[in-house]
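Shown here: structure_34.txt, compact mmCIF, C-alpha atoms.
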```txt
# COMPACT_ATOMS: atom_id res chain seq x y z
CA MET A 1 10.58 -11.16 19.85
CA THR A 2 11.10 -7.51 18.84
CA GLY A 3 11.85 -6.86 22.54
CA GLY A 4 15.32 -8.34 22.07
CA TRP A 5 16.23 -6.19 19.09
CA SER A 6 18.79 -3.45 19.20
CA ALA A 7 20.06 -0.82 16.79
CA GLY A 8 22.25 -2.28 14.06
CA ASP A 9 20.65 -5.74 14.11
CA THR A 10 20.28 -7.23 10.63
CA LEU A 11 17.08 -9.15 10.03
CA PRO A 12 17.26 -12.30 7.86
CA GLU A 13 16.55 -11.71 4.15
CA GLN A 14 13.15 -12.90 2.96
CA ALA A 15 12.66 -13.98 -0.67
CA TYR A 16 9.21 -14.04 -2.23
CA THR A 17 8.39 -15.27 -5.72
CA VAL A 18 5.76 -13.21 -7.54
CA THR A 19 3.84 -14.64 -10.51
CA ARG A 20 0.98 -13.35 -12.66
CA ALA A 21 -1.39 -15.54 -10.65
CA ASP A 22 -0.34 -13.67 -7.49
CA LEU A 23 -1.21 -10.35 -9.13
CA VAL A 24 -4.65 -11.59 -10.17
CA ARG A 25 -5.27 -12.88 -6.65
CA TYR A 26 -4.11 -9.57 -5.16
CA ALA A 27 -6.30 -7.57 -7.56
CA GLY A 28 -9.34 -9.47 -6.30
CA ALA A 29 -8.36 -9.24 -2.63
CA SER A 30 -7.53 -5.52 -2.74
CA GLY A 31 -10.11 -4.32 -5.26
CA ASP A 32 -7.40 -2.70 -7.43
CA PHE A 33 -8.22 -3.91 -10.95
CA ASN A 34 -6.00 -1.43 -12.84
CA PRO A 35 -5.26 -3.38 -16.06
CA ILE A 36 -1.53 -2.49 -15.98
CA HIS A 37 -1.38 -5.24 -13.34
CA TRP A 38 -2.84 -7.96 -15.57
CA SER A 39 -2.86 -6.88 -19.24
CA ASP A 40 0.37 -6.66 -21.27
CA ARG A 41 -1.57 -4.78 -23.94
CA VAL A 42 -2.57 -1.99 -21.56
CA ALA A 43 0.77 -1.98 -19.70
CA THR A 44 2.82 -1.55 -22.88
CA SER A 45 0.37 1.06 -24.22
CA VAL A 46 1.29 3.34 -21.30
CA GLY A 47 5.02 2.79 -21.80
CA LEU A 48 5.69 0.01 -19.29
CA PRO A 49 7.86 -2.96 -20.28
CA GLY A 50 4.97 -5.28 -19.41
CA VAL A 51 2.59 -6.16 -16.59
CA ILE A 52 3.87 -4.79 -13.28
CA ALA A 53 3.02 -5.71 -9.70
CA HIS A 54 0.79 -3.40 -7.69
CA GLY A 55 3.06 -1.17 -5.61
CA MET A 56 0.84 -2.02 -2.66
CA PHE A 57 1.44 -5.72 -3.29
CA THR A 58 5.19 -5.15 -2.96
CA LEU A 59 4.61 -3.12 0.21
CA ALA A 60 2.45 -5.99 1.52
CA LEU A 61 5.44 -8.31 1.03
CA ALA A 62 7.49 -5.93 3.18
CA ALA A 63 4.74 -6.15 5.84
CA ARG A 64 4.87 -9.94 5.53
CA ALA A 65 8.60 -9.88 6.24
CA LEU A 66 8.03 -7.65 9.28
CA ASP A 67 5.52 -10.14 10.74
CA THR A 68 7.94 -13.00 10.05
CA TRP A 69 10.78 -11.18 11.80
CA ALA A 70 8.57 -10.16 14.72
CA GLY A 71 7.20 -13.71 15.00
CA VAL A 72 3.75 -12.24 15.63
CA THR A 73 1.19 -10.16 13.74
CA GLY A 74 -0.25 -6.77 14.67
CA ARG A 75 2.97 -5.10 15.85
CA VAL A 76 3.25 -2.54 13.05
CA LEU A 77 2.76 1.06 14.21
CA GLU A 78 3.91 2.71 11.01
CA LEU A 79 4.81 1.53 7.51
CA GLY A 80 5.56 3.46 4.36
CA CYS A 81 7.56 3.82 1.15
CA LYS A 82 7.84 5.53 -2.19
CA PHE A 83 7.06 3.51 -5.29
CA THR A 84 10.20 4.14 -7.31
CA LYS A 85 10.72 1.25 -9.75
CA PRO A 86 8.17 -1.14 -11.20
CA VAL A 87 8.36 -4.88 -10.48
CA VAL A 88 7.87 -6.38 -13.94
CA VAL A 89 6.23 -9.80 -13.70
CA PRO A 90 6.67 -12.10 -16.72
CA ASP A 91 3.88 -14.29 -18.08
CA ASP A 92 5.51 -17.59 -17.10
CA GLU A 93 5.53 -20.15 -14.29
CA ASP A 94 8.68 -18.80 -12.63
CA GLY A 95 7.70 -15.18 -12.02
CA VAL A 96 10.24 -12.88 -10.34
CA ASP A 97 11.84 -12.85 -6.91
CA VAL A 98 11.37 -9.91 -4.57
CA LEU A 99 13.88 -9.73 -1.72
CA VAL A 100 13.15 -7.95 1.55
CA ARG A 101 15.98 -7.03 3.91
CA GLY A 102 15.73 -5.14 7.16
CA THR A 103 17.98 -3.41 9.66
CA VAL A 104 17.02 -2.12 13.08
CA THR A 105 17.89 1.57 12.92
CA SER A 106 16.91 2.57 16.45
CA VAL A 107 14.98 1.45 19.50
CA THR A 108 13.27 4.18 21.49
CA GLY A 109 11.10 3.15 24.41
CA ASP A 110 8.37 0.97 22.97
CA ALA A 111 9.16 1.66 19.31
CA VAL A 112 11.54 -0.32 17.11
CA HIS A 113 12.48 1.51 13.90
CA VAL A 114 13.31 -0.73 10.96
CA GLY A 115 14.90 0.40 7.70
CA LEU A 116 13.96 -1.87 4.82
CA GLU A 117 15.47 -2.65 1.45
CA VAL A 118 13.19 -4.20 -1.14
CA THR A 119 14.82 -5.31 -4.38
CA CYS A 120 13.96 -7.12 -7.58
CA ALA A 121 16.61 -8.17 -10.12
CA GLY A 122 19.22 -6.25 -8.15
CA GLN A 123 17.32 -2.95 -8.19
CA ARG A 124 15.63 -1.19 -5.31
CA VAL A 125 11.94 -1.07 -6.18
CA LEU A 126 10.72 0.84 -3.10
CA GLY A 127 12.15 4.20 -2.02
CA SER A 128 12.97 4.71 1.67
CA PRO A 129 10.80 1.80 2.85
CA ARG A 130 10.64 1.82 6.63
CA ALA A 131 8.53 0.71 9.52
CA VAL A 132 8.03 1.21 13.21
CA LEU A 133 7.10 -1.83 15.29
CA ARG A 134 5.84 -2.00 18.85
CA ALA A 135 8.50 -3.71 20.96
CA MET B 1 -8.43 19.22 -18.03
CA ALA B 2 -6.23 20.25 -15.11
CA VAL B 3 -6.79 19.43 -11.48
CA ASP B 4 -8.89 22.03 -9.66
CA PRO B 5 -6.37 24.29 -7.81
CA ALA B 6 -8.90 24.83 -5.02
CA LEU B 7 -8.61 21.14 -4.13
CA ALA B 8 -5.95 21.65 -1.44
CA GLY B 9 -7.54 21.51 1.99
CA ARG B 10 -10.74 19.91 0.75
CA THR B 11 -12.21 17.01 2.73
CA PHE B 12 -14.44 14.52 0.93
CA PRO B 13 -17.45 12.77 2.45
CA PRO B 14 -16.68 9.51 4.30
CA THR B 15 -16.77 6.28 2.30
CA ASP B 16 -19.68 3.87 2.80
CA PRO B 17 -19.18 1.80 5.98
CA TYR B 18 -17.07 -1.27 5.17
CA PRO B 19 -17.77 -4.34 7.35
CA VAL B 20 -14.52 -6.30 7.71
CA SER B 21 -15.15 -10.05 7.62
CA ARG B 22 -12.81 -12.84 8.65
CA GLU B 23 -13.16 -14.19 5.10
CA LYS B 24 -12.02 -10.91 3.53
CA ILE B 25 -8.97 -10.73 5.80
CA LEU B 26 -8.18 -14.38 4.99
CA GLU B 27 -8.46 -13.64 1.27
CA PHE B 28 -6.09 -10.65 1.62
CA ALA B 29 -3.66 -12.64 3.80
CA HIS B 30 -3.69 -15.50 1.31
CA ALA B 31 -3.06 -13.12 -1.60
CA THR B 32 -0.06 -11.52 0.11
CA GLY B 33 1.27 -14.58 1.94
CA CYS B 34 0.83 -12.81 5.26
CA ALA B 35 -0.01 -14.80 8.38
CA TYR B 36 -3.50 -14.45 9.88
CA ASP B 37 -4.38 -16.09 13.19
CA GLY B 38 -7.84 -14.58 13.59
CA GLY B 39 -6.46 -11.45 15.26
CA ALA B 40 -4.74 -8.55 13.50
CA ALA B 41 -5.29 -8.17 9.76
CA PRO B 42 -2.15 -7.75 7.62
CA ALA B 43 -0.69 -4.24 8.03
CA THR B 44 -1.56 -3.10 4.51
CA PHE B 45 -5.16 -4.41 4.67
CA PRO B 46 -6.58 -0.89 5.31
CA ILE B 47 -5.65 -0.04 1.71
CA VAL B 48 -8.96 -1.72 0.81
CA VAL B 49 -10.83 1.12 2.54
CA ALA B 50 -8.30 3.83 1.63
CA PHE B 51 -8.51 2.76 -2.00
CA ALA B 52 -12.27 3.35 -1.94
CA ALA B 53 -11.67 6.86 -0.61
CA MET B 54 -9.03 7.55 -3.29
CA THR B 55 -11.35 6.22 -5.99
CA GLY B 56 -14.01 8.64 -4.73
CA LEU B 57 -11.55 11.51 -5.18
CA MET B 58 -10.30 10.37 -8.58
CA THR B 59 -13.73 9.79 -10.09
CA ASP B 60 -15.32 13.01 -8.77
CA PRO B 61 -16.15 14.90 -11.99
CA ASP B 62 -15.50 18.28 -10.31
CA VAL B 63 -11.92 17.34 -9.40
CA GLY B 64 -10.65 16.96 -12.95
CA ILE B 65 -8.52 13.83 -12.57
CA SER B 66 -8.09 11.41 -15.47
CA LEU B 67 -7.69 7.99 -13.88
CA HIS B 68 -5.26 6.64 -16.48
CA ARG B 69 -2.86 9.52 -15.74
CA VAL B 70 -2.59 8.74 -12.03
CA VAL B 71 0.47 7.03 -10.55
CA HIS B 72 0.67 6.00 -6.91
CA GLY B 73 3.85 7.75 -5.80
CA GLU B 74 4.03 7.12 -2.10
CA GLN B 75 2.05 5.37 0.65
CA ARG B 76 2.36 5.47 4.40
CA PHE B 77 0.22 4.10 7.21
CA THR B 78 0.20 5.01 10.87
CA TYR B 79 -1.82 2.71 13.11
CA THR B 80 -3.68 3.39 16.30
CA ARG B 81 -4.58 -0.31 16.43
CA PRO B 82 -4.67 -3.22 13.97
CA VAL B 83 -7.80 -3.90 11.93
CA VAL B 84 -9.73 -6.97 13.15
CA ALA B 85 -12.71 -8.93 11.84
CA GLY B 86 -15.97 -7.32 12.93
CA ASP B 87 -14.70 -3.78 12.39
CA VAL B 88 -16.96 -1.50 10.36
CA LEU B 89 -14.60 1.02 8.78
CA THR B 90 -15.02 4.33 7.00
CA ALA B 91 -12.31 6.43 5.38
CA THR B 92 -12.46 10.21 5.17
CA LEU B 93 -10.04 11.67 2.66
CA THR B 94 -8.53 15.14 2.78
CA VAL B 95 -6.28 16.61 0.11
CA ASP B 96 -3.54 18.03 2.33
CA THR B 97 -1.30 19.42 -0.40
CA LEU B 98 -1.40 20.12 -4.11
CA ARG B 99 1.83 20.97 -5.91
CA GLN B 100 2.73 21.29 -9.56
CA ILE B 101 6.05 19.90 -10.74
CA GLY B 102 7.01 19.66 -14.41
CA GLY B 103 3.44 19.66 -15.68
CA ALA B 104 2.29 17.06 -13.16
CA ASP B 105 -0.05 17.64 -10.22
CA ILE B 106 1.21 16.05 -7.01
CA LEU B 107 -1.62 15.41 -4.56
CA GLY B 108 -0.81 14.65 -0.94
CA THR B 109 -3.83 12.87 0.49
CA ARG B 110 -4.67 11.68 4.00
CA SER B 111 -7.44 9.19 4.70
CA GLU B 112 -8.54 8.91 8.31
CA ILE B 113 -9.88 5.41 8.85
CA ALA B 114 -12.25 5.05 11.78
CA ASP B 115 -14.39 2.30 13.31
CA ALA B 116 -18.17 2.26 13.81
CA ASP B 117 -17.84 4.36 16.99
CA GLY B 118 -15.81 6.96 15.12
CA ARG B 119 -12.61 5.97 16.94
CA PRO B 120 -9.42 6.21 14.87
CA VAL B 121 -7.94 2.94 13.60
CA CYS B 122 -5.31 4.12 11.18
CA THR B 123 -4.32 6.94 8.87
CA ALA B 124 -3.35 6.23 5.26
CA PHE B 125 -1.23 8.90 3.55
CA ALA B 126 -1.00 8.58 -0.23
CA THR B 127 0.83 10.71 -2.75
CA LEU B 128 -0.86 10.61 -6.13
CA VAL B 129 0.95 11.90 -9.20
CA HIS B 130 -1.37 13.14 -11.93
CA ARG B 131 0.63 13.50 -15.13
CA GLY B 132 -0.26 16.39 -17.43
CA GLU B 133 -1.30 16.10 -21.07
CA GLU B 134 1.60 15.20 -23.35
```

Starting from the file, lay out its structure as structure tokens.
Amino acid sequence: MTGGWSAGDTLPEQAYTVTRADLVRYAGASGDFNPIHWSDRVATSVGLPGVIAHGMFTLALAARALDTWAGVTGRVLELGCKFTKPVVVPDDEDGVDVLVRGTVTSVTGDAVHVGLEVTCAGQRVLGSPRAVLRA
Amino acid sequence: MAVDPALAGRTFPPTDPYPVSREKILEFAHATGCAYDGGAAPATFPIVVAFAAMTGLMTDPDVGISLHRVVHGEQRFTYTRPVVAGDVLTATLTVDTLRQIGGADILGTRSEIADADGRPVCTAFATLVHRGEE
């Protein structure tokens, strides 16, 4: 599917809801049990507004969007970002929504370069998120 | 305690071999909502192995890092091939750069992730920010 992409293409926005339960599940799956991702007491003690999502969880959501857009898994050649703003996840049933948008910035030979925008509550939470996919 | 200035350029021993099971990939895919059809693991799955390498660095008593002062500033992966079930992976971490900005130590790390035959699978670059004492 990436074969048909060209520079300037906008990829459909993906919305993912993140709850505390997701963070607990991700802690177990990734092995990252830093308590700022599950304990309000610890999170606030280090100056955070509350429990925040693992930066790598947010980046995993960007990877999820890439697979959805590509229509196939295993096409990612490069993926990266800065962790600029925390995703604060409330202790309720609703959680927060993380939105992932993408634009094809260039296509060179076999490589499709995608610029990403990952936001939560109207703020960019990842800095310069981008990926390269195999066409 | 400050981070050892001689850390730049140092390569740490490889992590213990990590056998990748279908169940572990499924667990990771389920946790992140990523699709898994029995082939490629989700793109960020290698963080499981890279995290072990970073933990090795951060808990090494000679390095001088206090875990609670570390913030993950940046992460990037480049892939030679996707991770698949049956892989036995090791990560070898090198501290590429060490800078000091405003009382914080900024560590640029690179973990080379290889399979059981020593062939490269992916490289995980992480920037770790170690905040100084207040």

Do you have the CA of Gln14 in chain A-CA of Lys24 in chain B distance handy?
-> 25.3 Å

Using only C-alpha atoms and a cutoff of 9 Å, can you tell me which residues are near (1.4, -5.1, 13.8) in the file's coordinates, and write them out as an mmCIF file with C-alpha atoms, in the coordinates of the input?
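This went into point-v2.cif:
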```cif
data_model
loop_
_atom_site.group_PDB
_atom_site.id
_atom_site.type_symbol
_atom_site.label_atom_id
_atom_site.label_comp_id
_atom_site.auth_asym_id
_atom_site.auth_seq_id
_atom_site.Cartn_x
_atom_site.Cartn_y
_atom_site.Cartn_z
ATOM 1 C CA ALA A 63 4.740 -6.150 5.840
ATOM 2 C CA LEU A 66 8.030 -7.650 9.280
ATOM 3 C CA ASP A 67 5.520 -10.140 10.740
ATOM 4 C CA ALA A 70 8.570 -10.160 14.720
ATOM 5 C CA VAL A 72 3.750 -12.240 15.630
ATOM 6 C CA THR A 73 1.190 -10.160 13.740
ATOM 7 C CA GLY A 74 -0.250 -6.770 14.670
ATOM 8 C CA ARG A 75 2.970 -5.100 15.850
ATOM 9 C CA VAL A 76 3.250 -2.540 13.050
ATOM 10 C CA LEU A 77 2.760 1.060 14.210
ATOM 11 C CA GLU A 78 3.910 2.710 11.010
ATOM 12 C CA LEU A 133 7.100 -1.830 15.290
ATOM 13 C CA ARG A 134 5.840 -2.000 18.850
ATOM 14 C CA ALA B 40 -4.740 -8.550 13.500
ATOM 15 C CA ALA B 41 -5.290 -8.170 9.760
ATOM 16 C CA PRO B 42 -2.150 -7.750 7.620
ATOM 17 C CA ALA B 43 -0.690 -4.240 8.030
ATOM 18 C CA TYR B 79 -1.820 2.710 13.110
ATOM 19 C CA ARG B 81 -4.580 -0.310 16.430
ATOM 20 C CA PRO B 82 -4.670 -3.220 13.970
#
```

Record the distance separating CA of Ile113 in chain B and CA of Thr59 in chain B, expressed in Å with one decimal.
-> 19.8 Å

Please provide as a ChimeraX atom specification all residues within 7 Å of range 86-97 of chain B, with the sequence filter that same-chain residues fewer than 3 positions apart are discarded (counting all atoms listed in the file).
-> /B:7-21,49-50,53,83,107-116

Show me which bits of chain B are within 7 Å of chain A, counting only C-alpha atoms, as a PyMOL selection string.
-> chain B and resi 27-28+31-34+40+43-44+48+73-79+82

Please dump the current selection as a compact mmCIF listing (two decimals), in the frame of the given file; keep C-alpha atoms.
```
# COMPACT_ATOMS: atom_id res chain seq x y z
CA GLU B 27 -8.46 -13.64 1.27
CA PHE B 28 -6.09 -10.65 1.62
CA ALA B 31 -3.06 -13.12 -1.60
CA THR B 32 -0.06 -11.52 0.11
CA GLY B 33 1.27 -14.58 1.94
CA CYS B 34 0.83 -12.81 5.26
CA ALA B 40 -4.74 -8.55 13.50
CA ALA B 43 -0.69 -4.24 8.03
CA THR B 44 -1.56 -3.10 4.51
CA VAL B 48 -8.96 -1.72 0.81
CA GLY B 73 3.85 7.75 -5.80
CA GLU B 74 4.03 7.12 -2.10
CA GLN B 75 2.05 5.37 0.65
CA ARG B 76 2.36 5.47 4.40
CA PHE B 77 0.22 4.10 7.21
CA THR B 78 0.20 5.01 10.87
CA TYR B 79 -1.82 2.71 13.11
CA PRO B 82 -4.67 -3.22 13.97
```

What does the distance between CA of Ala29 in chain B and CA of Asp92 in chain A come to in Å, to one decimal place?
->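 Computing it gives 23.4 Å between the two atoms.
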
Find the residue from B:Met54, B:Leu26, B:Val84, B:Val129 that sits nearest to Gly103 in chain B; use all atoms listed in the file when measuring.
->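 For Gly103 in chain B, the nearest of the candidates is B:Val129.
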
Can you work out which one of A:Val100, A:Ala135, A:Ala53, A:Leu116 has the shortest atom-to-atom distance to Glu13 in chain A, counting all atoms listed in the file?
->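 Comparing A:Val100, A:Ala135, A:Ala53, A:Leu116 against Glu13 in chain A, the winner is A:Val100.
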
Just write range 70-125 of chain A with C-alpha atoms, as a CSV table (one decimal), in the first residue's frame, taken from the block above.
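Output file part17.csv follows:
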```
chain,number,residue,atom,x,y,z
A,70,ALA,CA,0.7,0.7,5.5
A,71,GLY,CA,-2.0,-2.0,5.8
A,72,VAL,CA,0.8,-4.4,6.7
A,73,THR,CA,3.3,-4.9,9.6
A,74,GLY,CA,7.1,-5.0,9.4
A,75,ARG,CA,7.6,-2.1,7.0
A,76,VAL,CA,9.3,0.3,9.4
A,77,LEU,CA,12.9,1.0,8.6
A,78,GLU,CA,13.4,3.9,11.0
A,79,LEU,CA,11.3,5.4,13.8
A,80,GLY,CA,12.2,8.1,16.3
A,81,CYS,CA,11.1,11.1,18.4
A,82,LYS,CA,11.9,13.3,21.3
A,83,PHE,CA,9.8,13.0,24.4
A,84,THR,CA,8.8,16.6,24.9
A,85,LYS,CA,5.5,16.8,26.8
A,86,PRO,CA,4.0,14.2,29.2
A,87,VAL,CA,0.7,12.5,28.4
A,88,VAL,CA,-1.2,12.8,31.7
A,89,VAL,CA,-3.6,9.9,32.2
A,90,PRO,CA,-6.4,10.4,34.7
A,91,ASP,CA,-7.6,7.7,37.1
A,92,ASP,CA,-11.0,7.3,35.5
A,93,GLU,CA,-12.8,5.1,32.9
A,94,ASP,CA,-12.4,7.6,30.1
A,95,GLY,CA,-8.7,8.2,30.0
A,96,VAL,CA,-7.2,10.6,27.4
A,97,ASP,CA,-7.2,10.6,23.6
A,98,VAL,CA,-3.9,10.6,21.7
A,99,LEU,CA,-4.1,11.6,18.1
A,100,VAL,CA,-1.6,10.5,15.5
A,101,ARG,CA,-1.4,12.3,12.1
A,102,GLY,CA,1.0,11.7,9.3
A,103,THR,CA,2.2,13.3,6.1
A,104,VAL,CA,4.4,11.7,3.5
A,105,THR,CA,7.4,14.1,3.3
A,106,SER,CA,9.3,12.3,0.5
A,107,VAL,CA,9.7,9.1,-1.4
A,108,THR,CA,13.2,8.1,-2.5
A,109,GLY,CA,13.6,4.8,-4.2
A,110,ASP,CA,12.4,2.2,-1.7
A,111,ALA,CA,12.0,4.5,1.2
A,112,VAL,CA,8.9,6.5,2.2
A,113,HIS,CA,9.6,9.2,4.7
A,114,VAL,CA,6.7,10.1,7.0
A,115,GLY,CA,6.5,13.1,9.3
A,116,LEU,CA,4.2,12.5,12.2
A,117,GLU,CA,2.3,14.7,14.6
A,118,VAL,CA,1.3,13.2,17.9
A,119,THR,CA,-1.0,15.3,20.1
A,120,CYS,CA,-2.9,15.0,23.4
A,121,ALA,CA,-5.4,17.7,24.5
A,122,GLY,CA,-4.2,19.9,21.6
A,123,GLN,CA,-0.5,19.8,22.5
A,124,ARG,CA,2.2,18.1,20.7
A,125,VAL,CA,3.6,15.4,23.0
```
